[in-house]
file run-v4.tsv (TSV, C-alpha atoms and all ligand atoms)
chain	number	residue	atom	x	y	z
A	3	MET	CA	58.44	237.48	71.27
A	4	ASN	CA	59.94	237.16	67.78
A	5	LYS	CA	58.78	239.24	64.81
A	6	ASP	CA	56.54	236.51	63.37
A	7	GLY	CA	54.82	236.17	66.73
A	8	ILE	CA	54.22	239.92	66.94
A	9	ILE	CA	52.83	240.01	63.38
A	10	LYS	CA	50.44	237.18	64.26
A	11	ARG	CA	49.26	239.01	67.38
A	12	ALA	CA	48.77	242.24	65.42
A	13	GLU	CA	46.76	240.33	62.79
A	14	ASP	CA	44.51	238.77	65.43
A	15	PHE	CA	44.01	242.15	67.14
A	16	ALA	CA	43.14	243.95	63.86
A	17	LYS	CA	40.85	241.17	62.57
A	18	ASP	CA	38.88	241.28	65.79
A	19	ARG	CA	38.50	245.08	65.79
A	20	MET	CA	37.53	245.22	62.10
A	21	LYS	CA	34.99	242.40	62.02
A	22	ASN	CA	31.98	244.69	61.56
A	23	PHE	CA	33.47	246.99	58.90
A	24	ASP	CA	32.07	247.11	55.33
A	25	PRO	CA	33.45	244.72	52.65
A	26	GLY	CA	35.66	247.53	51.34
A	27	HIS	CA	37.46	247.65	54.68
A	28	ASP	CA	37.62	243.93	55.37
A	29	TRP	CA	40.68	241.80	55.98
A	30	TRP	CA	41.40	241.60	52.23
A	31	HIS	CA	41.79	245.39	52.17
A	32	VAL	CA	44.42	245.05	54.90
A	33	LEU	CA	46.23	242.30	52.97
A	34	ARG	CA	46.21	244.37	49.75
A	35	VAL	CA	47.55	247.43	51.57
A	36	ARG	CA	50.30	245.32	53.16
A	37	ARG	CA	51.37	244.00	49.75
A	38	LEU	CA	51.24	247.44	48.15
A	39	ALA	CA	53.28	248.94	51.00
A	40	GLU	CA	55.82	246.12	50.77
A	41	HIS	CA	56.11	246.64	47.01
A	42	ILE	CA	56.62	250.39	47.33
A	43	ASN	CA	59.21	249.88	50.07
A	44	ILE	CA	61.14	247.35	47.98
A	45	VAL	CA	61.50	250.11	45.36
A	46	GLU	CA	62.01	253.01	47.79
A	47	LYS	CA	63.98	251.16	50.48
A	48	SER	CA	63.20	253.87	52.99
A	49	ALA	CA	61.14	252.24	55.76
A	50	ASP	CA	61.82	249.46	58.24
A	51	PRO	CA	59.82	246.59	56.61
A	52	PHE	CA	58.68	245.15	59.95
A	53	ILE	CA	57.35	248.44	61.36
A	54	LEU	CA	55.75	249.24	58.01
A	55	ASP	CA	53.95	245.90	58.08
A	56	ILE	CA	52.76	246.42	61.67
A	57	ALA	CA	51.44	249.87	60.72
A	58	ALA	CA	49.70	248.44	57.62
A	59	ILE	CA	48.03	245.71	59.68
A	60	LEU	CA	46.74	248.25	62.21
A	61	HIS	CA	46.03	251.17	59.86
A	62	ASP	CA	42.21	250.93	59.79
A	63	VAL	CA	41.52	249.57	63.28
A	64	SER	CA	40.57	253.02	64.56
A	65	ASP	CA	38.82	254.25	61.38
A	66	SER	CA	36.41	256.93	62.57
A	67	LYS	CA	33.80	255.85	59.99
A	68	PHE	CA	33.30	252.64	61.92
A	69	ASN	CA	34.43	253.66	65.39
A	70	LYS	CA	32.45	256.44	66.94
A	71	ASP	CA	34.74	256.81	69.94
A	72	ASN	CA	38.20	258.09	69.27
A	73	GLY	CA	39.59	256.11	72.15
A	74	SER	CA	40.86	253.42	69.86
A	75	TYR	CA	44.29	255.00	69.30
A	76	GLU	CA	44.79	254.39	72.99
A	77	ASP	CA	43.76	250.83	72.37
A	78	ILE	CA	46.39	250.51	69.65
A	79	ARG	CA	49.02	252.11	71.91
A	80	ARG	CA	48.22	249.56	74.57
A	81	PHE	CA	48.51	246.78	72.02
A	82	LEU	CA	51.90	248.04	70.78
A	83	ILE	CA	53.27	248.26	74.30
A	84	SER	CA	51.98	244.81	75.21
A	85	ALA	CA	53.65	243.44	72.06
A	86	GLY	CA	57.00	244.93	73.08
A	87	LEU	CA	56.93	247.72	70.48
A	88	LYS	CA	57.12	250.69	72.84
A	89	GLU	CA	60.02	252.17	70.83
A	90	SER	CA	57.95	252.29	67.64
A	91	GLU	CA	54.67	253.30	69.26
A	92	ASN	CA	54.79	256.95	68.22
A	93	GLN	CA	55.94	256.17	64.69
A	94	VAL	CA	53.07	253.73	64.12
A	95	ILE	CA	50.45	256.04	65.63
A	96	ASN	CA	51.84	258.96	63.60
A	97	ALA	CA	51.42	256.95	60.38
A	98	ILE	CA	47.96	255.58	60.99
A	99	SER	CA	46.49	258.76	62.43
A	100	ASN	CA	47.60	260.83	59.43
A	101	ILE	CA	46.77	258.63	56.44
A	102	SER	CA	43.13	259.62	56.11
A	103	PHE	CA	42.24	261.76	53.10
A	104	SER	CA	39.55	263.42	55.18
A	105	ASN	CA	42.11	264.49	57.78
A	106	ARG	CA	42.74	268.04	56.60
A	107	ASN	CA	44.83	268.99	59.60
A	108	PRO	CA	47.52	266.39	59.90
A	109	VAL	CA	49.86	266.82	62.84
A	110	GLY	CA	53.10	264.96	63.27
A	111	ASP	CA	55.98	263.81	61.10
A	112	LEU	CA	54.70	263.75	57.53
A	113	LYS	CA	58.17	262.99	56.18
A	114	ASP	CA	58.40	259.69	57.99
A	115	PRO	CA	58.80	256.89	55.38
A	116	VAL	CA	56.36	254.56	57.16
A	117	PHE	CA	53.67	257.23	56.92
A	118	ARG	CA	54.48	258.20	53.30
A	119	ILE	CA	54.48	254.62	52.03
A	120	LEU	CA	51.44	253.50	53.99
A	121	GLN	CA	49.39	256.47	52.82
A	122	ASP	CA	50.26	255.69	49.20
A	123	ALA	CA	49.37	252.02	49.65
A	124	ASP	CA	46.01	252.85	51.23
A	125	ARG	CA	45.22	255.39	48.51
A	126	LEU	CA	46.13	252.96	45.74
A	127	ASP	CA	43.51	250.55	47.07
A	128	ALA	CA	40.92	253.34	46.68
A	129	ILE	CA	41.49	253.68	42.91
A	130	GLY	CA	41.54	251.31	39.92
A	131	ALA	CA	39.01	248.49	39.57
A	132	ILE	CA	39.25	247.62	43.26
A	133	GLY	CA	38.72	251.27	44.14
A	134	VAL	CA	35.52	251.31	42.08
A	135	ALA	CA	34.27	248.17	43.82
A	136	ARG	CA	35.13	249.60	47.25
A	137	ALA	CA	33.45	252.93	46.54
A	138	PHE	CA	30.17	251.25	45.63
A	139	SER	CA	30.48	248.93	48.61
A	140	TYR	CA	30.92	251.82	51.01
A	141	GLY	CA	28.22	253.87	49.24
A	142	SER	CA	25.73	251.02	49.70
A	143	TYR	CA	26.77	250.57	53.32
A	144	LYS	CA	25.88	254.25	53.81
A	145	GLY	CA	22.65	253.88	51.81
A	146	ASN	CA	23.87	256.30	49.12
A	147	LYS	CA	22.57	256.34	45.57
A	148	LEU	CA	24.82	255.22	42.74
A	149	TYR	CA	24.24	258.44	40.84
A	150	GLU	CA	21.75	261.28	40.66
A	151	PRO	CA	21.99	263.50	37.57
A	152	SER	CA	22.49	267.19	38.19
A	153	ASP	CA	23.60	270.20	36.15
A	154	ASN	CA	27.03	268.73	35.67
A	155	ARG	CA	28.29	265.23	35.09
A	156	MET	CA	29.46	264.76	38.67
A	157	GLY	CA	25.91	264.20	39.84
A	158	ASN	CA	24.54	265.32	43.15
A	159	GLN	CA	26.59	265.30	46.33
A	160	GLY	CA	26.17	262.21	48.46
A	161	THR	CA	26.11	259.81	45.52
A	162	THR	CA	28.92	257.36	44.91
A	163	ILE	CA	29.69	258.81	41.48
A	164	HIS	CA	30.12	262.19	43.16
A	165	HIS	CA	32.67	260.63	45.50
A	166	PHE	CA	34.87	259.98	42.46
A	167	TYR	CA	35.15	263.76	41.96
A	168	ASP	CA	35.34	264.54	45.68
A	169	LYS	CA	38.20	262.20	46.28
A	170	LEU	CA	39.14	259.36	43.98
A	171	LEU	CA	40.17	261.36	40.92
A	172	LYS	CA	42.40	263.56	43.11
A	173	LEU	CA	44.45	260.77	44.59
A	174	LYS	CA	46.98	260.27	41.79
A	175	ASP	CA	48.32	263.79	42.29
A	176	LEU	CA	48.60	263.29	46.03
A	177	MET	CA	50.97	260.33	45.91
A	178	ASN	CA	54.08	260.67	48.09
A	179	THR	CA	56.44	258.19	46.43
A	180	ASP	CA	57.57	257.62	42.83
A	181	ALA	CA	56.60	253.95	43.02
A	182	GLY	CA	53.15	255.00	44.25
A	183	LYS	CA	52.78	257.54	41.44
A	184	GLU	CA	53.58	254.92	38.86
A	185	LEU	CA	50.93	252.51	40.11
A	186	ALA	CA	48.42	255.32	40.59
A	187	SER	CA	48.59	256.55	37.00
A	188	GLU	CA	47.34	253.24	35.57
A	189	ARG	CA	44.63	252.94	38.22
A	190	HIS	CA	43.57	256.52	37.60
A	191	ARG	CA	43.18	255.80	33.88
A	192	PHE	CA	40.81	252.99	34.78
A	193	LEU	CA	38.62	255.38	36.81
A	194	GLU	CA	38.33	257.62	33.74
A	195	ILE	CA	37.45	254.67	31.51
A	196	PHE	CA	34.85	253.51	34.04
A	197	LEU	CA	33.20	256.95	34.26
A	198	LYS	CA	33.12	257.35	30.47
A	199	GLN	CA	31.39	254.00	30.03
A	200	PHE	CA	29.05	254.70	32.97
A	201	TYR	CA	27.78	257.91	31.32
A	202	GLU	CA	27.54	256.27	27.90
A	203	GLU	CA	25.32	253.58	29.36
A	204	TRP	CA	23.34	256.11	31.42
A	205	ASP	CA	22.66	258.13	28.27
A	206	MET	CA	22.11	254.96	26.19
A	207	LYS	CA	24.64	256.27	23.71
A	208	ASN	CA	25.18	252.89	22.12
A	209	ALA	CA	21.60	251.66	22.01
B	301	LIG	P1	40.01	258.21	54.20
B	301	LIG	O1	39.69	257.60	55.53
B	301	LIG	O2	41.44	258.19	53.82
B	301	LIG	O3	39.32	259.51	54.00
B	301	LIG	P2	38.24	256.51	53.36
B	301	LIG	O4	38.50	255.56	54.51
B	301	LIG	O5	37.14	257.50	53.41
B	301	LIG	O6	39.52	257.28	53.16
B	301	LIG	O7	38.08	255.66	52.12
B	301	LIG	C1	38.07	254.28	52.25
B	301	LIG	C2	37.26	253.68	51.15
B	301	LIG	O8	35.89	254.04	51.29
B	301	LIG	C3	37.72	254.16	49.81
B	301	LIG	O9	37.71	253.12	48.87
B	301	LIG	C4	36.72	255.21	49.49
B	301	LIG	O10	36.56	255.38	48.13
B	301	LIG	C5	35.47	254.73	50.15
B	301	LIG	N1	34.61	255.85	50.49
B	301	LIG	C6	34.78	256.77	51.45
B	301	LIG	N2	33.77	257.68	51.44
B	301	LIG	C7	32.95	257.31	50.45
B	301	LIG	C8	31.73	257.81	49.91
B	301	LIG	N3	31.14	258.89	50.41
B	301	LIG	N4	31.16	257.14	48.89
B	301	LIG	C9	31.74	256.04	48.38
B	301	LIG	N5	32.88	255.51	48.82
B	301	LIG	C10	33.48	256.13	49.84
B	302	NI	NI	42.60	251.50	54.61
call {"tool": "encode", "arguments": {"input": "run-v4.tsv", "output": "structure tokens"}}
result
Amino acid sequence: MNKDGIIKRAEDFAKDRMKNFDPGHDWWHVLRVRRLAEHINIVEKSADPFILDIAAILHDVSDSKFNKDNGSYEDIRRFLISAGLKESENQVINAISNISFSNRNPVGDLKDPVFRILQDADRLDAIGAIGVARAFSYGSYKGNKLYEPSDNRMGNQGTTIHHFYDKLLKLKDLMNTDAGKELASERHRFLEIFLKQFYEEWDMKNA
């Protein structure tokens, strides 16, 4: 099978597995991450573009938030082998199994360019205006409150505003690549602007 054929098969496989995910993890998220990864790799020139794209297409298929059983890496392995990508199987699984922010104990090759670029691309889609939209989408999917005032401005744990402090505001300093850092700094600024306005409206500062 040629590369275009394999890409098409990977797209069909991922679309099918992700059809019940929240709108923040829909097919558009995958397309944005693919474009971000491609952009970073054009600057960095460190990863094989085809393998990077395959990894980007498959990166959320086994997301543990939506898949209770962890068997789905095996599913992805089977897919890769059936698509003739046995040689790249471990590299792709290494990248997608380590990108999660919540994965505090990554194991594998964290210097691999496919992993480093894909993690940056996925993190960039969690910040900026799209990141704000995705956070509230996922928060609603979980039934979380927007915000619940507490002693500090972060609000109570379990609210979407609290998630900004738990995760989103930390991402810019966790970028792996220079191209990722550059994009992250502008998106990070937007998170700060959003929070400032959110509190001003909450407190009716301008009324
Ligand atoms: P990771 O898997 O790398 O930990 P996630 O998959 O949790 O990252 O994040 C994916 C998207 O879901 C991000 O846009 C993130 O902000 C959002 N998200 C994850 N957890 C929460 C939460 N508790 N509240 C709001 N948004 C969340
Ligand atoms: Ni993702």
call {"tool": "residues_near_ligand", "arguments": {"input": "run-v4.tsv", "ligand": "ligand LIG 301 (chain B)", "cutoff": "6 Å", "atoms": "all atoms listed in the file", "output": "PyMOL selection string"}}
result
chain A and resi 101-104+128+133+136-138+140-141+162+165
call {"tool": "residues_near_ligand", "arguments": {"input": "run-v4.tsv", "ligand": "ligand NI 302 (chain B)", "cutoff": "9 Å", "atoms": "only C-alpha atoms and all ligand atoms", "output": "PDB file with C-alpha atoms, in the frame of the given file"}}
result
ATOM      1  CA  GLY A  26      35.660 247.530  51.340  1.00  0.00           C
ATOM      2  CA  HIS A  27      37.460 247.650  54.680  1.00  0.00           C
ATOM      3  CA  HIS A  31      41.790 245.390  52.170  1.00  0.00           C
ATOM      4  CA  VAL A  32      44.420 245.050  54.900  1.00  0.00           C
ATOM      5  CA  VAL A  35      47.550 247.430  51.570  1.00  0.00           C
ATOM      6  CA  ALA A  58      49.700 248.440  57.620  1.00  0.00           C
ATOM      7  CA  HIS A  61      46.030 251.170  59.860  1.00  0.00           C
ATOM      8  CA  ASP A  62      42.210 250.930  59.790  1.00  0.00           C
ATOM      9  CA  VAL A  63      41.520 249.570  63.280  1.00  0.00           C
ATOM     10  CA  ASP A  65      38.820 254.250  61.380  1.00  0.00           C
ATOM     11  CA  ILE A 101      46.770 258.630  56.440  1.00  0.00           C
ATOM     12  CA  SER A 102      43.130 259.620  56.110  1.00  0.00           C
ATOM     13  CA  GLN A 121      49.390 256.470  52.820  1.00  0.00           C
ATOM     14  CA  ALA A 123      49.370 252.020  49.650  1.00  0.00           C
ATOM     15  CA  ASP A 124      46.010 252.850  51.230  1.00  0.00           C
ATOM     16  CA  ARG A 125      45.220 255.390  48.510  1.00  0.00           C
ATOM     17  CA  ASP A 127      43.510 250.550  47.070  1.00  0.00           C
ATOM     18  CA  ALA A 128      40.920 253.340  46.680  1.00  0.00           C
TER      19      ALA A 128
END
call {"tool": "atom_distance", "arguments": {"input": "run-v4.tsv", "atom1": "atom CA of A:Thr161", "atom2": "atom CA of A:Ser74"}}
result
29.2 Å
call {"tool": "closest_residue", "arguments": {"input": "run-v4.tsv", "among": "A:Asp28, A:Leu54, A:Val94, A:Asp180", "to": "A:Leu82", "atoms": "only C-alpha atoms"}}
result
A:Val94
call {"tool": "closest_residue", "arguments": {"input": "run-v4.tsv", "among": "A:Leu38, A:Ala12, A:Ala186, A:Ile53", "to": "A:Arg80", "atoms": "all atoms listed in the file"}}
result
A:Ala12
call {"tool": "closest_residue", "arguments": {"input": "run-v4.tsv", "among": "A:Tyr201, A:Glu194, A:Ala209, A:Lys67", "to": "A:Glu150", "atoms": "all atoms listed in the file"}}
result
A:Tyr201
call {"tool": "decode", "arguments": {"input": "run-v4.tsv", "residues": "stretch 178-199 of chain A", "atoms": "N, CA, C and O atoms", "output": "PDB file, in the first residue's frame"}}
result
ATOM      1  N   ASN A 178       8.608  21.253  24.281  1.00  0.00           N
ATOM      2  CA  ASN A 178       9.866  20.575  23.949  1.00  0.00           C
ATOM      3  C   ASN A 178      10.669  21.305  22.875  1.00  0.00           C
ATOM      4  O   ASN A 178      11.886  21.271  22.892  1.00  0.00           O
ATOM      5  N   THR A 179       9.980  21.921  21.924  1.00  0.00           N
ATOM      6  CA  THR A 179      10.671  22.479  20.755  1.00  0.00           C
ATOM      7  C   THR A 179      10.602  24.009  20.763  1.00  0.00           C
ATOM      8  O   THR A 179       9.682  24.595  21.341  1.00  0.00           O
ATOM      9  N   ASP A 180      11.575  24.638  20.065  1.00  0.00           N
ATOM     10  CA  ASP A 180      11.564  26.106  19.995  1.00  0.00           C
ATOM     11  C   ASP A 180      10.342  26.605  19.237  1.00  0.00           C
ATOM     12  O   ASP A 180       9.726  27.601  19.617  1.00  0.00           O
ATOM     13  N   ALA A 181       9.983  25.898  18.166  1.00  0.00           N
ATOM     14  CA  ALA A 181       8.803  26.321  17.391  1.00  0.00           C
ATOM     15  C   ALA A 181       7.544  26.207  18.254  1.00  0.00           C
ATOM     16  O   ALA A 181       6.650  27.055  18.187  1.00  0.00           O
ATOM     17  N   GLY A 182       7.485  25.177  19.079  1.00  0.00           N
ATOM     18  CA  GLY A 182       6.348  25.006  19.983  1.00  0.00           C
ATOM     19  C   GLY A 182       6.306  26.121  21.022  1.00  0.00           C
ATOM     20  O   GLY A 182       5.237  26.675  21.312  1.00  0.00           O
ATOM     21  N   LYS A 183       7.472  26.457  21.548  1.00  0.00           N
ATOM     22  CA  LYS A 183       7.533  27.530  22.569  1.00  0.00           C
ATOM     23  C   LYS A 183       7.024  28.847  22.005  1.00  0.00           C
ATOM     24  O   LYS A 183       6.306  29.583  22.674  1.00  0.00           O
ATOM     25  N   GLU A 184       7.398  29.105  20.772  1.00  0.00           N
ATOM     26  CA  GLU A 184       7.000  30.369  20.165  1.00  0.00           C
ATOM     27  C   GLU A 184       5.479  30.459  20.039  1.00  0.00           C
ATOM     28  O   GLU A 184       4.871  31.463  20.414  1.00  0.00           O
ATOM     29  N   LEU A 185       4.871  29.402  19.539  1.00  0.00           N
ATOM     30  CA  LEU A 185       3.407  29.409  19.407  1.00  0.00           C
ATOM     31  C   LEU A 185       2.738  29.430  20.778  1.00  0.00           C
ATOM     32  O   LEU A 185       1.697  30.059  20.973  1.00  0.00           O
ATOM     33  N   ALA A 186       3.346  28.744  21.739  1.00  0.00           N
ATOM     34  CA  ALA A 186       2.722  28.645  23.066  1.00  0.00           C
ATOM     35  C   ALA A 186       2.691  29.997  23.769  1.00  0.00           C
ATOM     36  O   ALA A 186       1.744  30.288  24.504  1.00  0.00           O
ATOM     37  N   SER A 187       3.691  30.849  23.534  1.00  0.00           N
ATOM     38  CA  SER A 187       3.728  32.076  24.330  1.00  0.00           C
ATOM     39  C   SER A 187       2.542  32.984  23.983  1.00  0.00           C
ATOM     40  O   SER A 187       1.931  33.575  24.872  1.00  0.00           O
ATOM     41  N   GLU A 188       2.179  33.039  22.698  1.00  0.00           N
ATOM     42  CA  GLU A 188       1.025  33.862  22.313  1.00  0.00           C
ATOM     43  C   GLU A 188      -0.285  33.250  22.861  1.00  0.00           C
ATOM     44  O   GLU A 188      -1.157  33.949  23.371  1.00  0.00           O
ATOM     45  N   ARG A 189      -0.390  31.953  22.765  1.00  0.00           N
ATOM     46  CA  ARG A 189      -1.607  31.282  23.254  1.00  0.00           C
ATOM     47  C   ARG A 189      -1.729  31.400  24.771  1.00  0.00           C
ATOM     48  O   ARG A 189      -2.824  31.512  25.314  1.00  0.00           O
ATOM     49  N   HIS A 190      -0.587  31.358  25.446  1.00  0.00           N
ATOM     50  CA  HIS A 190      -0.595  31.517  26.900  1.00  0.00           C
ATOM     51  C   HIS A 190      -1.093  32.915  27.287  1.00  0.00           C
ATOM     52  O   HIS A 190      -1.891  33.062  28.216  1.00  0.00           O
ATOM     53  N   ARG A 191      -0.620  33.919  26.538  1.00  0.00           N
ATOM     54  CA  ARG A 191      -1.073  35.294  26.818  1.00  0.00           C
ATOM     55  C   ARG A 191      -2.582  35.376  26.731  1.00  0.00           C
ATOM     56  O   ARG A 191      -3.238  36.046  27.527  1.00  0.00           O
ATOM     57  N   PHE A 192      -3.143  34.670  25.751  1.00  0.00           N
ATOM     58  CA  PHE A 192      -4.604  34.717  25.614  1.00  0.00           C
ATOM     59  C   PHE A 192      -5.296  34.102  26.834  1.00  0.00           C
ATOM     60  O   PHE A 192      -6.326  34.608  27.285  1.00  0.00           O
ATOM     61  N   LEU A 193      -4.737  33.048  27.397  1.00  0.00           N
ATOM     62  CA  LEU A 193      -5.345  32.456  28.610  1.00  0.00           C
ATOM     63  C   LEU A 193      -5.374  33.487  29.726  1.00  0.00           C
ATOM     64  O   LEU A 193      -6.361  33.600  30.467  1.00  0.00           O
ATOM     65  N   GLU A 194      -4.289  34.251  29.863  1.00  0.00           N
ATOM     66  CA  GLU A 194      -4.231  35.269  30.925  1.00  0.00           C
ATOM     67  C   GLU A 194      -5.263  36.367  30.687  1.00  0.00           C
ATOM     68  O   GLU A 194      -5.933  36.815  31.621  1.00  0.00           O
ATOM     69  N   ILE A 195      -5.391  36.777  29.425  1.00  0.00           N
ATOM     70  CA  ILE A 195      -6.387  37.808  29.093  1.00  0.00           C
ATOM     71  C   ILE A 195      -7.792  37.283  29.406  1.00  0.00           C
ATOM     72  O   ILE A 195      -8.627  37.976  29.997  1.00  0.00           O
ATOM     73  N   PHE A 196      -8.039  36.043  29.018  1.00  0.00           N
ATOM     74  CA  PHE A 196      -9.357  35.434  29.253  1.00  0.00           C
ATOM     75  C   PHE A 196      -9.673  35.408  30.750  1.00  0.00           C
ATOM     76  O   PHE A 196     -10.769  35.807  31.175  1.00  0.00           O
ATOM     77  N   LEU A 197      -8.716  34.967  31.570  1.00  0.00           N
ATOM     78  CA  LEU A 197      -8.980  34.855  33.016  1.00  0.00           C
ATOM     79  C   LEU A 197      -9.218  36.241  33.625  1.00  0.00           C
ATOM     80  O   LEU A 197     -10.107  36.412  34.460  1.00  0.00           O
ATOM     81  N   LYS A 198      -8.448  37.222  33.190  1.00  0.00           N
ATOM     82  CA  LYS A 198      -8.596  38.581  33.731  1.00  0.00           C
ATOM     83  C   LYS A 198     -10.018  39.091  33.465  1.00  0.00           C
ATOM     84  O   LYS A 198     -10.715  39.579  34.356  1.00  0.00           O
ATOM     85  N   GLN A 199     -10.447  38.928  32.213  1.00  0.00           N
ATOM     86  CA  GLN A 199     -11.798  39.388  31.842  1.00  0.00           C
ATOM     87  C   GLN A 199     -12.875  38.582  32.581  1.00  0.00           C
ATOM     88  O   GLN A 199     -13.883  39.131  33.021  1.00  0.00           O
TER      89      GLN A 199
END
